[in-house]
Amino acid sequence: MKSYRIATIPGDGIGKEVVPAGQEVLEALAAQTGRFTFEFENFVWGGDYYREHGVMMPADGLDAIRYKDAILFGSAGDPAIPDHITLWGLRLKICQGFDQYANVRPTRILPGIDGPLKRCGPADLDWVIVRENSEGEYSGVGGRAHQGHPIEVATDVSIMTRAGVERILRFAFRLAASRPRKRLTVITKSNAQRHAMVMWDEIALEISKEFPDVTWDKELVDAATARMVNRPATLDTIVATNLHADILSDLAAALAGSLGIAPTANLDPERRYPSMFEPIHGSAFDIMGMGLANPIGTFWSVVMMLEHLGEMDAARAVMAAIEHVTANPATHTGDLGGTATTRQVTDAVCAFLAAYSAQAPQVA
């Protein structure tokens, strides 16, 4: 029987509620299938760890999770700690330390969820956004000088390398080729950012020749926001820089109904290191500890983790459970206009998996 070693890092805020819920679903799935098990190790890194130790995670933290099969992450963010410390001290330290350069964020309107766009059905909004996850605007290059003086200056330098741009564009073209529509939109801002973004456009043209079956086009990031709202059906697979895709994927999740349902995979496609899976919502301290967090984004991230591990049947079972639960307004949490709790949604997903397994044991 296959056993998968999973690092769980709840992090901050509601991450401490949704990650245990994700672990519970995985344990229920393993119990139903009898074909694999999960060996979980929990790491209490985050804001509370920072208050005690002065860092978000220990200096040798990467070594503690380096040989795991995957990482299930909650959220990073604490109102008492500056955002740049929580982000760079934990999530980005893992992403960059393990060269998880492909950030993949699927978005679609799930059954039973009313998206905010009028005249937009589920078939019109079915996207996957590929975010360059290792360089660009979040490369960490820059600095400050003359702090506190009138001549104070601060710089953040966006770094684009040919190797980095080539690998994320090739990944995106390959992903687009695997989807039914075989369509890719490359998003930049090359009219204003006339060096790195122009290089991005040039490399996109070069890589496109390797994928003659993929239809592709270019869009400026500001125009892309309008296109996502006004012409969602014209988009399918989207690839953009670290900053641009970060912003666009939050817009995409909101258009699909809620940030609470949206998943993320931080992938090392070459599988040299473990990949990390997380919901895109923040730490949401305003509802922390109330049992109101929507765990669907975590469950969908679990689906992506199972796919990455090669457990495709199990991934389909969990996705079916998600769609069954969202189709029922009684299991909608507050972000979806309902009153269900984290516990009720988790129980509903686990109950569906039990019934699904009984009906289709060869799948689940």
# chains A, B, ... in the order shown; residues from 1 in each chain; ligands from 1
$ select_by_dssp --residues "segment 152-352 of chain A" --states "alpha helix (DSSP H)" --output "MDAnalysis selection string"
chainID A and resid 162:178 196:208 221:230 242:255 296:308 312:326 342:352
$ write_last_selection --atoms "C-alpha atoms" --output "PDB file, in the first residue's frame"
ATOM      1  CA  ARG A 162      15.271  34.072 -20.009  1.00  0.00           C
ATOM      2  CA  ALA A 163      15.427  30.736 -18.206  1.00  0.00           C
ATOM      3  CA  GLY A 164      12.605  31.721 -15.852  1.00  0.00           C
ATOM      4  CA  VAL A 165      10.360  33.110 -18.581  1.00  0.00           C
ATOM      5  CA  GLU A 166      10.980  30.193 -20.923  1.00  0.00           C
ATOM      6  CA  ARG A 167      10.113  27.563 -18.354  1.00  0.00           C
ATOM      7  CA  ILE A 168       6.862  29.184 -17.173  1.00  0.00           C
ATOM      8  CA  LEU A 169       5.693  29.892 -20.725  1.00  0.00           C
ATOM      9  CA  ARG A 170       6.529  26.361 -21.819  1.00  0.00           C
ATOM     10  CA  PHE A 171       4.632  25.048 -18.790  1.00  0.00           C
ATOM     11  CA  ALA A 172       1.616  27.208 -19.680  1.00  0.00           C
ATOM     12  CA  PHE A 173       1.607  26.186 -23.352  1.00  0.00           C
ATOM     13  CA  ARG A 174       1.863  22.540 -22.314  1.00  0.00           C
ATOM     14  CA  LEU A 175      -1.039  22.956 -19.883  1.00  0.00           C
ATOM     15  CA  ALA A 176      -3.119  24.739 -22.528  1.00  0.00           C
ATOM     16  CA  ALA A 177      -2.438  21.905 -24.956  1.00  0.00           C
ATOM     17  CA  SER A 178      -3.842  19.426 -22.424  1.00  0.00           C
ATOM     18  CA  ALA A 196      11.446  42.769 -19.368  1.00  0.00           C
ATOM     19  CA  MET A 197       7.877  42.633 -20.668  1.00  0.00           C
ATOM     20  CA  VAL A 198       9.024  42.966 -24.263  1.00  0.00           C
ATOM     21  CA  MET A 199      11.421  40.088 -23.651  1.00  0.00           C
ATOM     22  CA  TRP A 200       8.468  38.113 -22.241  1.00  0.00           C
ATOM     23  CA  ASP A 201       6.493  38.771 -25.455  1.00  0.00           C
ATOM     24  CA  GLU A 202       9.420  37.751 -27.640  1.00  0.00           C
ATOM     25  CA  ILE A 203       9.961  34.507 -25.735  1.00  0.00           C
ATOM     26  CA  ALA A 204       6.228  33.734 -25.900  1.00  0.00           C
ATOM     27  CA  LEU A 205       6.430  33.916 -29.697  1.00  0.00           C
ATOM     28  CA  GLU A 206       9.443  31.598 -29.693  1.00  0.00           C
ATOM     29  CA  ILE A 207       7.835  29.027 -27.386  1.00  0.00           C
ATOM     30  CA  SER A 208       4.548  29.117 -29.298  1.00  0.00           C
ATOM     31  CA  VAL A 221      -2.954  43.333 -18.012  1.00  0.00           C
ATOM     32  CA  ASP A 222      -5.280  46.312 -17.662  1.00  0.00           C
ATOM     33  CA  ALA A 223      -7.274  45.231 -20.712  1.00  0.00           C
ATOM     34  CA  ALA A 224      -7.302  41.683 -19.326  1.00  0.00           C
ATOM     35  CA  THR A 225      -9.287  42.786 -16.258  1.00  0.00           C
ATOM     36  CA  ALA A 226     -12.021  44.177 -18.498  1.00  0.00           C
ATOM     37  CA  ARG A 227     -11.951  41.075 -20.690  1.00  0.00           C
ATOM     38  CA  MET A 228     -12.376  38.806 -17.666  1.00  0.00           C
ATOM     39  CA  VAL A 229     -15.557  40.701 -16.765  1.00  0.00           C
ATOM     40  CA  ASN A 230     -17.002  41.476 -20.192  1.00  0.00           C
ATOM     41  CA  ASN A 242       4.169  36.983 -10.557  1.00  0.00           C
ATOM     42  CA  LEU A 243       2.443  40.260  -9.676  1.00  0.00           C
ATOM     43  CA  HIS A 244      -0.028  40.394 -12.555  1.00  0.00           C
ATOM     44  CA  ALA A 245      -1.255  36.831 -12.048  1.00  0.00           C
ATOM     45  CA  ASP A 246      -1.475  37.363  -8.290  1.00  0.00           C
ATOM     46  CA  ILE A 247      -3.934  40.202  -8.845  1.00  0.00           C
ATOM     47  CA  LEU A 248      -5.844  38.599 -11.720  1.00  0.00           C
ATOM     48  CA  SER A 249      -6.377  35.323  -9.873  1.00  0.00           C
ATOM     49  CA  ASP A 250      -8.083  37.132  -6.967  1.00  0.00           C
ATOM     50  CA  LEU A 251     -10.358  38.837  -9.485  1.00  0.00           C
ATOM     51  CA  ALA A 252     -11.033  35.455 -11.079  1.00  0.00           C
ATOM     52  CA  ALA A 253     -11.964  33.897  -7.737  1.00  0.00           C
ATOM     53  CA  ALA A 254     -14.323  36.761  -6.939  1.00  0.00           C
ATOM     54  CA  LEU A 255     -15.985  36.420 -10.349  1.00  0.00           C
ATOM     55  CA  ILE A 296     -13.821  24.408  -0.030  1.00  0.00           C
ATOM     56  CA  GLY A 297     -10.672  26.208  -1.231  1.00  0.00           C
ATOM     57  CA  THR A 298      -8.608  23.821   0.870  1.00  0.00           C
ATOM     58  CA  PHE A 299     -10.541  20.784  -0.370  1.00  0.00           C
ATOM     59  CA  TRP A 300     -10.024  21.868  -3.995  1.00  0.00           C
ATOM     60  CA  SER A 301      -6.320  22.315  -3.186  1.00  0.00           C
ATOM     61  CA  VAL A 302      -6.415  18.725  -1.893  1.00  0.00           C
ATOM     62  CA  VAL A 303      -7.782  17.711  -5.303  1.00  0.00           C
ATOM     63  CA  MET A 304      -4.795  19.356  -6.972  1.00  0.00           C
ATOM     64  CA  MET A 305      -2.444  17.647  -4.524  1.00  0.00           C
ATOM     65  CA  LEU A 306      -3.961  14.236  -5.301  1.00  0.00           C
ATOM     66  CA  GLU A 307      -3.595  14.909  -9.019  1.00  0.00           C
ATOM     67  CA  HIS A 308       0.053  15.826  -8.484  1.00  0.00           C
ATOM     68  CA  MET A 312      -6.469  10.726 -10.301  1.00  0.00           C
ATOM     69  CA  ASP A 313      -9.459   8.602  -9.243  1.00  0.00           C
ATOM     70  CA  ALA A 314      -9.209   9.887  -5.681  1.00  0.00           C
ATOM     71  CA  ALA A 315      -8.957  13.455  -6.977  1.00  0.00           C
ATOM     72  CA  ARG A 316     -12.132  12.978  -9.001  1.00  0.00           C
ATOM     73  CA  ALA A 317     -13.902  11.602  -5.929  1.00  0.00           C
ATOM     74  CA  VAL A 318     -13.044  14.671  -3.839  1.00  0.00           C
ATOM     75  CA  MET A 319     -14.014  17.028  -6.683  1.00  0.00           C
ATOM     76  CA  ALA A 320     -17.351  15.242  -6.981  1.00  0.00           C
ATOM     77  CA  ALA A 321     -17.825  15.711  -3.230  1.00  0.00           C
ATOM     78  CA  ILE A 322     -17.055  19.428  -3.526  1.00  0.00           C
ATOM     79  CA  GLU A 323     -19.545  19.900  -6.360  1.00  0.00           C
ATOM     80  CA  HIS A 324     -22.216  17.942  -4.481  1.00  0.00           C
ATOM     81  CA  VAL A 325     -21.760  20.101  -1.386  1.00  0.00           C
ATOM     82  CA  THR A 326     -21.690  23.461  -3.186  1.00  0.00           C
ATOM     83  CA  THR A 342     -16.651  24.714   8.624  1.00  0.00           C
ATOM     84  CA  ARG A 343     -17.634  21.590  10.534  1.00  0.00           C
ATOM     85  CA  GLN A 344     -20.871  21.105   8.573  1.00  0.00           C
ATOM     86  CA  VAL A 345     -19.179  21.495   5.196  1.00  0.00           C
ATOM     87  CA  THR A 346     -16.389  19.103   6.189  1.00  0.00           C
ATOM     88  CA  ASP A 347     -18.883  16.529   7.458  1.00  0.00           C
ATOM     89  CA  ALA A 348     -20.888  16.804   4.233  1.00  0.00           C
ATOM     90  CA  VAL A 349     -17.810  16.203   2.084  1.00  0.00           C
ATOM     91  CA  CYS A 350     -16.730  13.218   4.181  1.00  0.00           C
ATOM     92  CA  ALA A 351     -20.258  11.762   4.081  1.00  0.00           C
ATOM     93  CA  PHE A 352     -20.344  12.061   0.316  1.00  0.00           C
TER      94      PHE A 352
END
$ residues_around --residues "Asp124 of chain A" --least-positions-apart "6" --cutoff "9 Å" --atoms "only C-alpha atoms" --output "list in words"
Arg108, Ile109, Arg231, Pro232, Ala233, Thr234 and Leu235 of chain A
$ residues_around --residues "Asn328 of chain A" --least-positions-apart "6" --cutoff "10 Å" --atoms "only C-alpha atoms" --output "VMD selection string"
chain A and resid 111 to 113
$ residues_around --residues "Tyr101 of chain A" --least-positions-apart "5" --cutoff "6 Å" --atoms "only C-alpha atoms" --output "list of chain:residue names"
A:Glu132, A:Asn133, A:Ser134
$ residues_around --residues "segment 3-20 of chain A" --least-positions-apart "4" --cutoff "7 Å" --atoms "only C-alpha atoms" --output "number ranges by chain"
A: 24, 36-47, 65, 68-78, 283-285, 288, 293, 295, 298
$ write_last_selection --atoms "N, CA and C atoms" --output "mmCIF file, in the first residue's frame"
data_model
loop_
_atom_site.group_PDB
_atom_site.id
_atom_site.type_symbol
_atom_site.label_atom_id
_atom_site.label_comp_id
_atom_site.auth_asym_id
_atom_site.auth_seq_id
_atom_site.Cartn_x
_atom_site.Cartn_y
_atom_site.Cartn_z
ATOM 1 N N GLU A 24 -8.575 16.002 7.496
ATOM 2 C CA GLU A 24 -9.677 15.100 7.819
ATOM 3 C C GLU A 24 -10.274 14.474 6.560
ATOM 4 N N PHE A 36 -4.224 3.555 -0.250
ATOM 5 C CA PHE A 36 -3.073 4.369 0.145
ATOM 6 C C PHE A 36 -3.358 4.952 1.512
ATOM 7 N N THR A 37 -2.309 5.433 2.144
ATOM 8 C CA THR A 37 -2.437 6.092 3.442
ATOM 9 C C THR A 37 -1.664 7.404 3.398
ATOM 10 N N PHE A 38 -1.914 8.232 4.383
ATOM 11 C CA PHE A 38 -1.198 9.493 4.515
ATOM 12 C C PHE A 38 -0.501 9.535 5.861
ATOM 13 N N GLU A 39 0.735 9.953 5.845
ATOM 14 C CA GLU A 39 1.503 10.159 7.069
ATOM 15 C C GLU A 39 1.707 11.663 7.228
ATOM 16 N N PHE A 40 0.967 12.271 8.153
ATOM 17 C CA PHE A 40 0.991 13.720 8.322
ATOM 18 C C PHE A 40 1.996 14.127 9.402
ATOM 19 N N GLU A 41 2.678 15.222 9.146
ATOM 20 C CA GLU A 41 3.505 15.862 10.172
ATOM 21 C C GLU A 41 3.161 17.340 10.176
ATOM 22 N N ASN A 42 2.746 17.847 11.322
ATOM 23 C CA ASN A 42 2.282 19.223 11.430
ATOM 24 C C ASN A 42 3.407 20.150 11.891
ATOM 25 N N PHE A 43 3.479 21.322 11.283
ATOM 26 C CA PHE A 43 4.505 22.311 11.616
ATOM 27 C C PHE A 43 3.808 23.607 12.045
ATOM 28 N N VAL A 44 4.065 24.037 13.260
ATOM 29 C CA VAL A 44 3.346 25.176 13.843
ATOM 30 C C VAL A 44 4.083 26.481 13.541
ATOM 31 N N TRP A 45 4.405 26.702 12.290
ATOM 32 C CA TRP A 45 5.087 27.920 11.881
ATOM 33 C C TRP A 45 4.065 29.001 11.558
ATOM 34 N N GLY A 46 4.461 30.261 11.713
ATOM 35 C CA GLY A 46 3.558 31.358 11.428
ATOM 36 C C GLY A 46 3.701 32.472 12.446
ATOM 37 N N GLY A 47 2.633 33.244 12.615
ATOM 38 C CA GLY A 47 2.680 34.402 13.497
ATOM 39 C C GLY A 47 2.961 34.048 14.945
ATOM 40 N N ILE A 65 11.092 19.596 5.829
ATOM 41 C CA ILE A 65 9.998 19.218 4.926
ATOM 42 C C ILE A 65 10.491 18.840 3.528
ATOM 43 N N LYS A 68 9.267 15.437 2.025
ATOM 44 C CA LYS A 68 7.847 15.122 2.030
ATOM 45 C C LYS A 68 7.357 14.964 0.585
ATOM 46 N N ASP A 69 6.240 14.271 0.433
ATOM 47 C CA ASP A 69 5.659 14.112 -0.901
ATOM 48 C C ASP A 69 4.873 15.345 -1.323
ATOM 49 N N ALA A 70 4.362 16.103 -0.356
ATOM 50 C CA ALA A 70 3.617 17.327 -0.661
ATOM 51 C C ALA A 70 3.451 18.119 0.628
ATOM 52 N N ILE A 71 3.063 19.377 0.454
ATOM 53 C CA ILE A 71 2.835 20.286 1.574
ATOM 54 C C ILE A 71 1.430 20.844 1.450
ATOM 55 N N LEU A 72 0.658 20.778 2.543
ATOM 56 C CA LEU A 72 -0.665 21.407 2.594
ATOM 57 C C LEU A 72 -0.544 22.626 3.500
ATOM 58 N N PHE A 73 -0.759 23.799 2.915
ATOM 59 C CA PHE A 73 -0.498 25.075 3.582
ATOM 60 C C PHE A 73 -1.817 25.815 3.804
ATOM 61 N N GLY A 74 -1.907 26.572 4.894
ATOM 62 C CA GLY A 74 -3.119 27.323 5.189
ATOM 63 C C GLY A 74 -3.059 28.766 4.736
ATOM 64 N N SER A 75 -2.479 29.628 5.544
ATOM 65 C CA SER A 75 -2.385 31.042 5.170
ATOM 66 C C SER A 75 -1.277 31.690 5.990
ATOM 67 N N ALA A 76 -0.792 32.811 5.482
ATOM 68 C CA ALA A 76 0.230 33.589 6.180
ATOM 69 C C ALA A 76 -0.261 35.020 6.286
ATOM 70 N N GLY A 77 -0.316 35.523 7.492
ATOM 71 C CA GLY A 77 -0.773 36.890 7.699
ATOM 72 C C GLY A 77 -1.277 37.075 9.110
ATOM 73 N N ASP A 78 -0.803 38.110 9.769
ATOM 74 C CA ASP A 78 -1.162 38.362 11.166
ATOM 75 C C ASP A 78 -1.235 39.879 11.333
ATOM 76 N N SER A 283 -5.726 35.031 5.858
ATOM 77 C CA SER A 283 -5.861 34.484 7.203
ATOM 78 C C SER A 283 -7.187 34.856 7.865
ATOM 79 N N ALA A 284 -7.876 35.880 7.346
ATOM 80 C CA ALA A 284 -9.247 36.226 7.785
ATOM 81 C C ALA A 284 -9.389 36.228 9.306
ATOM 82 N N PHE A 285 -8.592 37.063 9.966
ATOM 83 C CA PHE A 285 -8.619 37.097 11.430
ATOM 84 C C PHE A 285 -9.984 37.526 11.983
ATOM 85 N N MET A 288 -11.647 34.263 12.604
ATOM 86 C CA MET A 288 -10.800 33.212 13.174
ATOM 87 C C MET A 288 -11.410 32.644 14.450
ATOM 88 N N ALA A 293 -15.140 29.566 8.624
ATOM 89 C CA ALA A 293 -14.304 29.588 7.414
ATOM 90 C C ALA A 293 -14.802 28.572 6.393
ATOM 91 N N PRO A 295 -14.063 25.838 3.913
ATOM 92 C CA PRO A 295 -12.939 24.938 3.649
ATOM 93 C C PRO A 295 -12.857 24.451 2.201
ATOM 94 N N THR A 298 -9.577 24.818 0.416
ATOM 95 C CA THR A 298 -8.608 23.821 0.870
ATOM 96 C C THR A 298 -8.911 22.463 0.259
#
$ residues_around --residues "Asp63 of chain A" --least-positions-apart "2" --cutoff "12 Å" --atoms "only C-alpha atoms" --output "MDAnalysis selection string"
chainID A and resid 7 57:61 65:68 94 97:98 273:274
$ closest_residue --among "A:Asp99, A:Gln32, A:Leu26, A:Pro122" --to "Asp268 of chain A" --atoms "only C-alpha atoms"
A:Asp99
$ closest_residue --among "A:Asp83, A:Asp236, A:Asp335, A:Glu311" --to "Gly260 of chain A" --atoms "only C-alpha atoms"
A:Asp335
$ residues_around --residues "Thr215 of chain A" --least-positions-apart "2" --cutoff "8 Å" --atoms "only C-alpha atoms" --output "JSON, numbers by chain"
{"A": [182, 183, 184, 212, 213, 217]}
$ write_last_selection --atoms "N, CA and C atoms" --output "CSV table (one decimal), in the first residue's frame"
chain,number,residue,atom,x,y,z
A,182,LYS,N,-7.6,24.2,-25.9
A,182,LYS,CA,-6.2,24.4,-26.4
A,182,LYS,C,-6.0,25.9,-26.7
A,183,ARG,N,-6.3,26.7,-25.8
A,183,ARG,CA,-6.2,28.2,-26.0
A,183,ARG,C,-5.4,28.8,-24.8
A,184,LEU,N,-4.5,29.7,-25.1
A,184,LEU,CA,-3.7,30.4,-24.1
A,184,LEU,C,-3.7,31.9,-24.4
A,212,PRO,N,2.1,24.0,-32.0
A,212,PRO,CA,1.3,24.5,-33.1
A,212,PRO,C,-0.2,24.2,-32.9
A,213,ASP,N,-0.5,23.3,-32.0
A,213,ASP,CA,-1.9,23.0,-31.8
A,213,ASP,C,-2.6,23.9,-30.8
A,217,ASP,N,-3.0,34.2,-27.8
A,217,ASP,CA,-3.1,35.6,-28.1
A,217,ASP,C,-2.4,36.4,-26.9
$ closest_residue --among "A:Arg144, A:Thr237, A:Pro263, A:Gly282" --to "Leu125 of chain A" --atoms "only C-alpha atoms"
A:Thr237
